[in-house]
Structure formats: C-alpha cells, structure tokens
There are 2 protein chains.
Amino acid sequence: MKLTKERIVDAGMATFAEVGYHGLSMRQVAERLGAHAGSLYYHVRNKNDLLAMMADRVCRQAYDAGTAAMAALPPESTWQDEIEAQAIALRRVIEQHPGGAILLAESPKTLSRGALSIMERLLRTLLAAGVPTEHRLIAADTLLSHVTGFVLQEQATFEIPAVTAETYADLVERFPHVFEEAPRLSQDEKFQRSIRLLCTAVDAVIKEVSTPTKA
Amino acid sequence: MKLTKERIVDAGMATFAEVGYHGLSMRQVAERLGAHAGSLYYHVRNKNDLLAMMADRVCRQAYDAGTAAMAALPPESTWQDEIEAQAIALRRVIEQHPGGAILLAESPKTLSRGALSIMERLLRTLLAAGVPTEHRLIAADTLLSHVTGFVLQEQATFEIPAVTAETYADLVERFPHVFEEAPRLSQDEKFQRSIRLLCTAVDAVIKEVSTPTKA
DNA sequence: GCACCTTTTCCAACAGTGTTCGAAATCGAT
DNA sequence: ATCGATTTCGAACACTGTTGGAAAAGGTGC
C-alpha cells in the first residue's frame with residue numbers, strides 16, 4: 001500500500017501506544033507499514049517533524065473530546081464547569097498515550113492547528129466569563145501548562161530506588177510537611193481540585209475588575 | 001585523577017550546559033573526564049541514574065537560590081512575596097541550564113533530596129500563610145508543576161516552520177483570540193503575573209476558610 | 001622488595017538509533 | 001512500450017547506551 005503522511009502518522013501513533021515515547025523509532029514505524037526506515041524520509045522531514053505531527057493529532061483528539069464533554073454539560077453550567085470539562089478531557093486524552101505529556105511538552109506547539117484549537121476555545125470561554133484582555137492569555141497559558149505539567153508528573157517513570165525503612169524515616173523527619181498526614185486523594189480528585197483552584201483565581205480577577213479597588 | 005560520583009555529575013552538568021539535554025551522551029561526559037565511557041558505569045548505574053542525580057543538583061541549586069532570594073526580602077513582606085521569590089528563583093535556575101526543564105520533568109523526582117527541599121519550604125510558607133491542610137499539597141503541587149511547565153514551554157526548541165504570509169493570515173482568521181492584540185509582555189512579566197494569579201487563588205482559599213460560607 | 005587481593009579503568013564489542021544517498025523499482029502519461 | 005517523474009529500497013555512516021573480560025592501579029602484610 002502506498003506510503004502517505006497520514007499513514008505514517010497513523011503508524012507512529014500505533015507504535016507510540018505500544019512502546020511509549022522513548023521506545024519510538026523510525027525503524028519500528030516503518031516496519032509496521034511494511035516499509036524500510038529510509039523510505040519515511042521522503043514524506044517526513046525527520047523524526048521531530050513526525051513527532052510534531054503526532055502531537056498535533058493528540059491535540060485534535062483532545063479538542064474533540066473537549067467538545068463532546070462540553071456538549072454533555074447541563075445547560076445551566078457555569079464557565080467554571082466548562083473550563084473544568086475542557087481540562088479533564090485534555091488530561092484524559094493525554095493520559096491515554098503513554099508518555100503523551102512529553103510528546104506535547106517537547107514538540108514545538110508552534111502554530112500547530114490542534115494546539116491552537118484548544119487554546120482558542122479556552123480563550124473564548126474565558127472571554128465569555130468576563131476575564132479582561134490582559135489577563136486572558138496568561139490565565140489560559142497557566143491552565144494549559146498546568147495540565148501538561150500535571151500529567152507529566154503522573155507519567156514520570158518513577159522506579160522507586162529501593163528505599164530502606166531507616167532512610168525513609170529519615171526523610172519523614174527531614175521533610176515533615178511533605179510526608180504530613182494528608183487526606184488521601186486520588187489523582188482525579190487532585191487534578192479536579194487544582195483546576196478549581198485556578199478557576200478561583202480567575203474568578204478573583206474577574207471580580208477585581210467588575211468592582212475595582214478604587215470605588 | 002580519580003573518578004568519583006561527584007566528578008561525574010560535575011562533568012555531566014558541564015556538558016549539559018554546552019550541548020543541552022538531548023546532546024548529552026555518556027561518551028562526552030567521559031571524554032571531559034579523560035576517561036572512557038565504560039568506566040562511568042562502575043560509579044553510576046546507568047544514564048538515567050546520572051540524569052536523576054543531575055536533576056537533584058539543579059534542585060539543590062534552585063533551593064539555595066530561593067533561600068538567598070528570601071533572605072533579601074524586606075521584613076514587611078507578605079507570604080505572596082515569599083512564594084513569588086521562591087518561584088522566580090526556581091525558574092531562573094532551571095532556565096540557566098538549556099533543557100533544564102526536561103531534565104526535571106523526565107527524571108523521577110521520587111525522594112530526590114533537592115526536590116523535596118523545595119517542596120518542603122513551599123509547604124512551610126503555605127502553612128504560615130494559613131492554607132488549610134487539605135489544600136496545601138495541591139497548591140504546592142500546582143505551583144511547582146506550573147513553574148516547570150512554564151519553563152518547559154519556554155525552552156521548547158521551536159523552529160518556526162517557515163510560515164508564509166497567507167497561511168499566517170489564515171491562522172489569524174481561524175484563531176482570532178489567540179492572535180488577538182494583547183499587551184506585549186515579556187516572559188518575566190508573564191511569569192510573574194501567572195504566579196500572582198496562583199497566589200490569588202491561594203488567598204481565596206484562605207479567606208474562604210477564615211470566613212466560611214455558612215456565616 | 002614482592003606477592004596478593006580489591007578496586008578501578010580500559011578496550012572491544014553488541015544491538016540499536018537517526019539520517020543520507022545513489023541505485024532500483026514502480027507508476028502515469030504520451 | 002517508452003520516457004520521465006515519483007517513490008522505495010538497501011546499504012552505509014556516525015552515533016548512542018550498555019556489557020564483560022582483560023588489564024592496570026592501589027593498598028596491605030610480609
């Protein structure tokens with residue numbers, strides 16, 4: 001079958017789902033297509049180029065998931081609900097791909113249609129919420145970089161370096177607040193709360209503008 | 001000269017500063033030490049191990065820079081100022097190393113003394129500010145993952161793919177809010193504002209607790 | 001000094017990587 | 001069927017992380 005940019009990205013996503021970000025190699029992608037590695041370079045400039053297209057695809061996927069999530073929202077939903085829906089959808093899609101966060105983080109999101117779509121919709125939501133112009137981009141950037149940062153931390157391959165009981169006790173003593181008894185929250189809950197935290201900040205900005213300090 | 005874990009990490013940091021994250025290879029690190037690549041493996045388990053130690057060193061560096069920044073703060077400073085000082089110091093140190101954000105993002109921060117130090121101090125600041133226990137970890141996590149996410153985006157090697165004028169105009173039309181006329185802020189200002197935004201959220205949490213909804 | 005043992009370094013090799021380039025093959029149209 | 005363009009092959013290059021056995025270096029007792 002003929003080799004196409006589309007099919008190469010398809011194969012890239014498939015092998016990516018199997019072996020993750022670091023395991024991805026041009027030879028594997030080519031093998032999945034029944035072709036030789038060198039042949040890919042007729043359609044793709046280099047590996048980074050392929051990765052960028054794959055990242056764009058993930059973004060599109062996340063964008064679509066976001067629209068679906070927002071469509072499922074009850075009509076009396078607030079803008080906080082909309083932002084939360086978008087963030088949760090984005091996280092879920094990134095998390096579907098092993099190492100998906102690194103893929104998005106490392107690939108240049110420069111003018112990637114998918115990334116821009118996500119950004120655009122988020123800005124629309126913020127605009128509708130009443131966030132002033134000069135805060136909108138910052139809020140959106142903060143939200144997006146937080147989501148990728150969050151998933152990045154989740155997907156970090158942490159092979160716990162065989163910590164002994166005594167060194168662990170030493171750590172607890174040295175860093176009491178880190179190991180403090182805290183309500184055991186699932187990752188989902190932690191993520192949701194962090195998003196709500198950010199929404200709280202946005203809300204404060206809105207109210208600060210609508211009722212200025214100099215009253 | 002004798003080969004040591006310390007010296008290997010030193011050489012790793014030096015070559016890292018020159019060639020960045022992706023350019024770092026065991027052979028280069030060895031060459032800088034006048035040794036052969038295989039010799040490193042007597043002191044270091046593997047490359048990931050080395051990277052983890054390097055990440056820890058960056059964290060310690062950032063921690064020290066943070067203490068210096070906090071010491072330089074005027075005595076009547078608020079907790080927002082303290083958090084901002086810590087965040088700015090962290091960002092500055094990460095940014096000193098090309099690809100430093102990826103280094104921190106990819107290496108497992110599991111039980112790394114440096115990372116834990118940063119986290120511990122941040123939690124102390126939040127505790128002093130009056131943030132309740134169940135929100136503290138989330139706020140600190142959000143802050144840290146935001147900083148790394150921010151620098152990650154800054155350090156992303158974005159080779160703009162030679163966008164033509166027409167496609168650019170097309171992008172502007174398709175994503176009006178993204179390309180909206182916004183106050184041209186420097187990265188420093190954007191970062192500062194995003195941190196303040198997060199502080200606003202934390203502040204809202206504090207006040208919500210001190211003056212509960214059911215009054 | 002020398003022998004002995006441990007710690008450390010070398011060296012060569014393996015399997016794998018991204019990428020390039022000229023030759024071969026395939027395809028489309030005259 | 002012949003020509004020209006498009007596409008694929010296949011081998012090669014210079015790398016990469018990592019391993020294992022041989023060689024060297026360092027330290028201790030005699």
# chains A, B, ... in the order shown; residues from 1 in each chain; ligands from 1
$ residues_around --residues "His43 (chain A)" --least-positions-apart "3" --cutoff "7 Å" --atoms "only C-alpha atoms (C1' of nucleotides)" --output "VMD selection string"
chain A and resid 4 to 5 40
$ interface_residues --of "chain D" --to "chain A" --cutoff "8 Å" --atoms "only C-alpha atoms (C1' of nucleotides)" --output "compact mmCIF listing (two decimals) with C-alpha atoms (C1' of nucleotides), in the first residue's frame"
# COMPACT_ATOMS: atom_id res chain seq x y z
C1' DT D 7 8.57 6.58 -4.83
C1' DT D 8 11.01 2.78 -2.49
C1' DC D 9 14.96 0.15 -1.47
$ closest_atom_pairs --of "chain C" --to "chain B" --cutoff "12 Å" --atoms "only C-alpha atoms (C1' of nucleotides)" --output "Markdown table"
| residue | atom | partner | partner_atom | distance |
| --- | --- | --- | --- | --- |
| C:DT7 | C1' | B:Tyr42 | CA | 10.1 |
| C:DT8 | C1' | B:Tyr42 | CA | 8.0 |
| C:DT9 | C1' | B:Ser39 | CA | 6.0 |
| C:DC10 | C1' | B:His36 | CA | 7.2 |
| C:DC11 | C1' | B:His36 | CA | 8.9 |
| C:DA12 | C1' | B:Gly38 | CA | 10.8 |
| C:DA13 | C1' | B:Gly38 | CA | 11.9 |
$ atom_distance --atom1 "CA of Leu90 (chain B)" --atom2 "CA of Ala62 (chain B)"
5.0 Å
$ residues_around --residues "DT20 (chain C)" --least-positions-apart "2" --cutoff "10 Å" --atoms "only C-alpha atoms (C1' of nucleotides)" --output "number ranges by chain"
A: 38, 41; C: 18, 22; D: 12-13
$ decode --residues "region 44-70 of chain A" --atoms "N, CA and C atoms" --output "PDB file, in the first residue's frame"
ATOM      1  N   VAL A  44       8.425  12.555   5.302  1.00  0.00           N
ATOM      2  CA  VAL A  44       8.585  13.249   6.569  1.00  0.00           C
ATOM      3  C   VAL A  44       9.998  13.816   6.635  1.00  0.00           C
ATOM      4  N   ARG A  45      10.108  15.059   7.086  1.00  0.00           N
ATOM      5  CA  ARG A  45      11.415  15.692   7.078  1.00  0.00           C
ATOM      6  C   ARG A  45      12.392  14.967   8.001  1.00  0.00           C
ATOM      7  N   ASN A  46      11.974  14.726   9.223  1.00  0.00           N
ATOM      8  CA  ASN A  46      12.794  13.984  10.170  1.00  0.00           C
ATOM      9  C   ASN A  46      11.907  13.502  11.317  1.00  0.00           C
ATOM     10  N   LYS A  47      12.524  12.944  12.312  1.00  0.00           N
ATOM     11  CA  LYS A  47      11.729  12.369  13.404  1.00  0.00           C
ATOM     12  C   LYS A  47      10.971  13.455  14.169  1.00  0.00           C
ATOM     13  N   ASN A  48      11.621  14.580  14.380  1.00  0.00           N
ATOM     14  CA  ASN A  48      10.945  15.668  15.083  1.00  0.00           C
ATOM     15  C   ASN A  48       9.698  16.106  14.339  1.00  0.00           C
ATOM     16  N   ASP A  49       9.818  16.145  13.039  1.00  0.00           N
ATOM     17  CA  ASP A  49       8.673  16.504  12.226  1.00  0.00           C
ATOM     18  C   ASP A  49       7.523  15.536  12.476  1.00  0.00           C
ATOM     19  N   LEU A  50       7.856  14.252  12.479  1.00  0.00           N
ATOM     20  CA  LEU A  50       6.837  13.239  12.743  1.00  0.00           C
ATOM     21  C   LEU A  50       6.246  13.417  14.130  1.00  0.00           C
ATOM     22  N   LEU A  51       7.102  13.646  15.104  1.00  0.00           N
ATOM     23  CA  LEU A  51       6.619  13.827  16.474  1.00  0.00           C
ATOM     24  C   LEU A  51       5.698  15.036  16.579  1.00  0.00           C
ATOM     25  N   ALA A  52       6.046  16.087  15.872  1.00  0.00           N
ATOM     26  CA  ALA A  52       5.203  17.283  15.912  1.00  0.00           C
ATOM     27  C   ALA A  52       3.827  16.982  15.336  1.00  0.00           C
ATOM     28  N   MET A  53       3.803  16.224  14.252  1.00  0.00           N
ATOM     29  CA  MET A  53       2.502  15.888  13.664  1.00  0.00           C
ATOM     30  C   MET A  53       1.704  14.983  14.587  1.00  0.00           C
ATOM     31  N   MET A  54       2.413  14.092  15.267  1.00  0.00           N
ATOM     32  CA  MET A  54       1.724  13.229  16.216  1.00  0.00           C
ATOM     33  C   MET A  54       1.165  14.044  17.374  1.00  0.00           C
ATOM     34  N   ALA A  55       1.953  14.985  17.844  1.00  0.00           N
ATOM     35  CA  ALA A  55       1.475  15.837  18.935  1.00  0.00           C
ATOM     36  C   ALA A  55       0.245  16.612  18.490  1.00  0.00           C
ATOM     37  N   ASP A  56       0.277  17.073  17.257  1.00  0.00           N
ATOM     38  CA  ASP A  56      -0.874  17.802  16.736  1.00  0.00           C
ATOM     39  C   ASP A  56      -2.106  16.910  16.723  1.00  0.00           C
ATOM     40  N   ARG A  57      -1.886  15.657  16.368  1.00  0.00           N
ATOM     41  CA  ARG A  57      -3.025  14.737  16.336  1.00  0.00           C
ATOM     42  C   ARG A  57      -3.612  14.525  17.726  1.00  0.00           C
ATOM     43  N   VAL A  58      -2.728  14.384  18.703  1.00  0.00           N
ATOM     44  CA  VAL A  58      -3.204  14.227  20.080  1.00  0.00           C
ATOM     45  C   VAL A  58      -4.019  15.447  20.487  1.00  0.00           C
ATOM     46  N   CYS A  59      -3.539  16.613  20.070  1.00  0.00           N
ATOM     47  CA  CYS A  59      -4.267  17.839  20.410  1.00  0.00           C
ATOM     48  C   CYS A  59      -5.645  17.852  19.781  1.00  0.00           C
ATOM     49  N   ARG A  60      -5.698  17.465  18.524  1.00  0.00           N
ATOM     50  CA  ARG A  60      -7.005  17.417  17.865  1.00  0.00           C
ATOM     51  C   ARG A  60      -7.937  16.464  18.595  1.00  0.00           C
ATOM     52  N   GLN A  61      -7.404  15.310  18.938  1.00  0.00           N
ATOM     53  CA  GLN A  61      -8.175  14.327  19.685  1.00  0.00           C
ATOM     54  C   GLN A  61      -8.696  14.940  20.979  1.00  0.00           C
ATOM     55  N   ALA A  62      -7.803  15.635  21.677  1.00  0.00           N
ATOM     56  CA  ALA A  62      -8.194  16.258  22.938  1.00  0.00           C
ATOM     57  C   ALA A  62      -9.236  17.339  22.694  1.00  0.00           C
ATOM     58  N   TYR A  63      -9.081  18.041  21.602  1.00  0.00           N
ATOM     59  CA  TYR A  63     -10.054  19.089  21.286  1.00  0.00           C
ATOM     60  C   TYR A  63     -11.434  18.483  21.061  1.00  0.00           C
ATOM     61  N   ASP A  64     -11.462  17.405  20.286  1.00  0.00           N
ATOM     62  CA  ASP A  64     -12.747  16.748  20.027  1.00  0.00           C
ATOM     63  C   ASP A  64     -13.362  16.219  21.309  1.00  0.00           C
ATOM     64  N   ALA A  65     -12.537  15.605  22.135  1.00  0.00           N
ATOM     65  CA  ALA A  65     -13.045  15.110  23.417  1.00  0.00           C
ATOM     66  C   ALA A  65     -13.604  16.256  24.242  1.00  0.00           C
ATOM     67  N   GLY A  66     -12.955  17.416  24.136  1.00  0.00           N
ATOM     68  CA  GLY A  66     -13.432  18.583  24.863  1.00  0.00           C
ATOM     69  C   GLY A  66     -14.787  19.046  24.374  1.00  0.00           C
ATOM     70  N   THR A  67     -14.976  19.065  23.090  1.00  0.00           N
ATOM     71  CA  THR A  67     -16.282  19.487  22.558  1.00  0.00           C
ATOM     72  C   THR A  67     -17.364  18.523  23.002  1.00  0.00           C
ATOM     73  N   ALA A  68     -17.041  17.241  22.987  1.00  0.00           N
ATOM     74  CA  ALA A  68     -18.018  16.246  23.431  1.00  0.00           C
ATOM     75  C   ALA A  68     -18.359  16.458  24.896  1.00  0.00           C
ATOM     76  N   ALA A  69     -17.341  16.706  25.699  1.00  0.00           N
ATOM     77  CA  ALA A  69     -17.583  16.896  27.133  1.00  0.00           C
ATOM     78  C   ALA A  69     -18.415  18.137  27.387  1.00  0.00           C
ATOM     79  N   MET A  70     -18.152  19.179  26.604  1.00  0.00           N
ATOM     80  CA  MET A  70     -18.911  20.415  26.817  1.00  0.00           C
ATOM     81  C   MET A  70     -20.347  20.267  26.329  1.00  0.00           C
TER      82      MET A  70
END
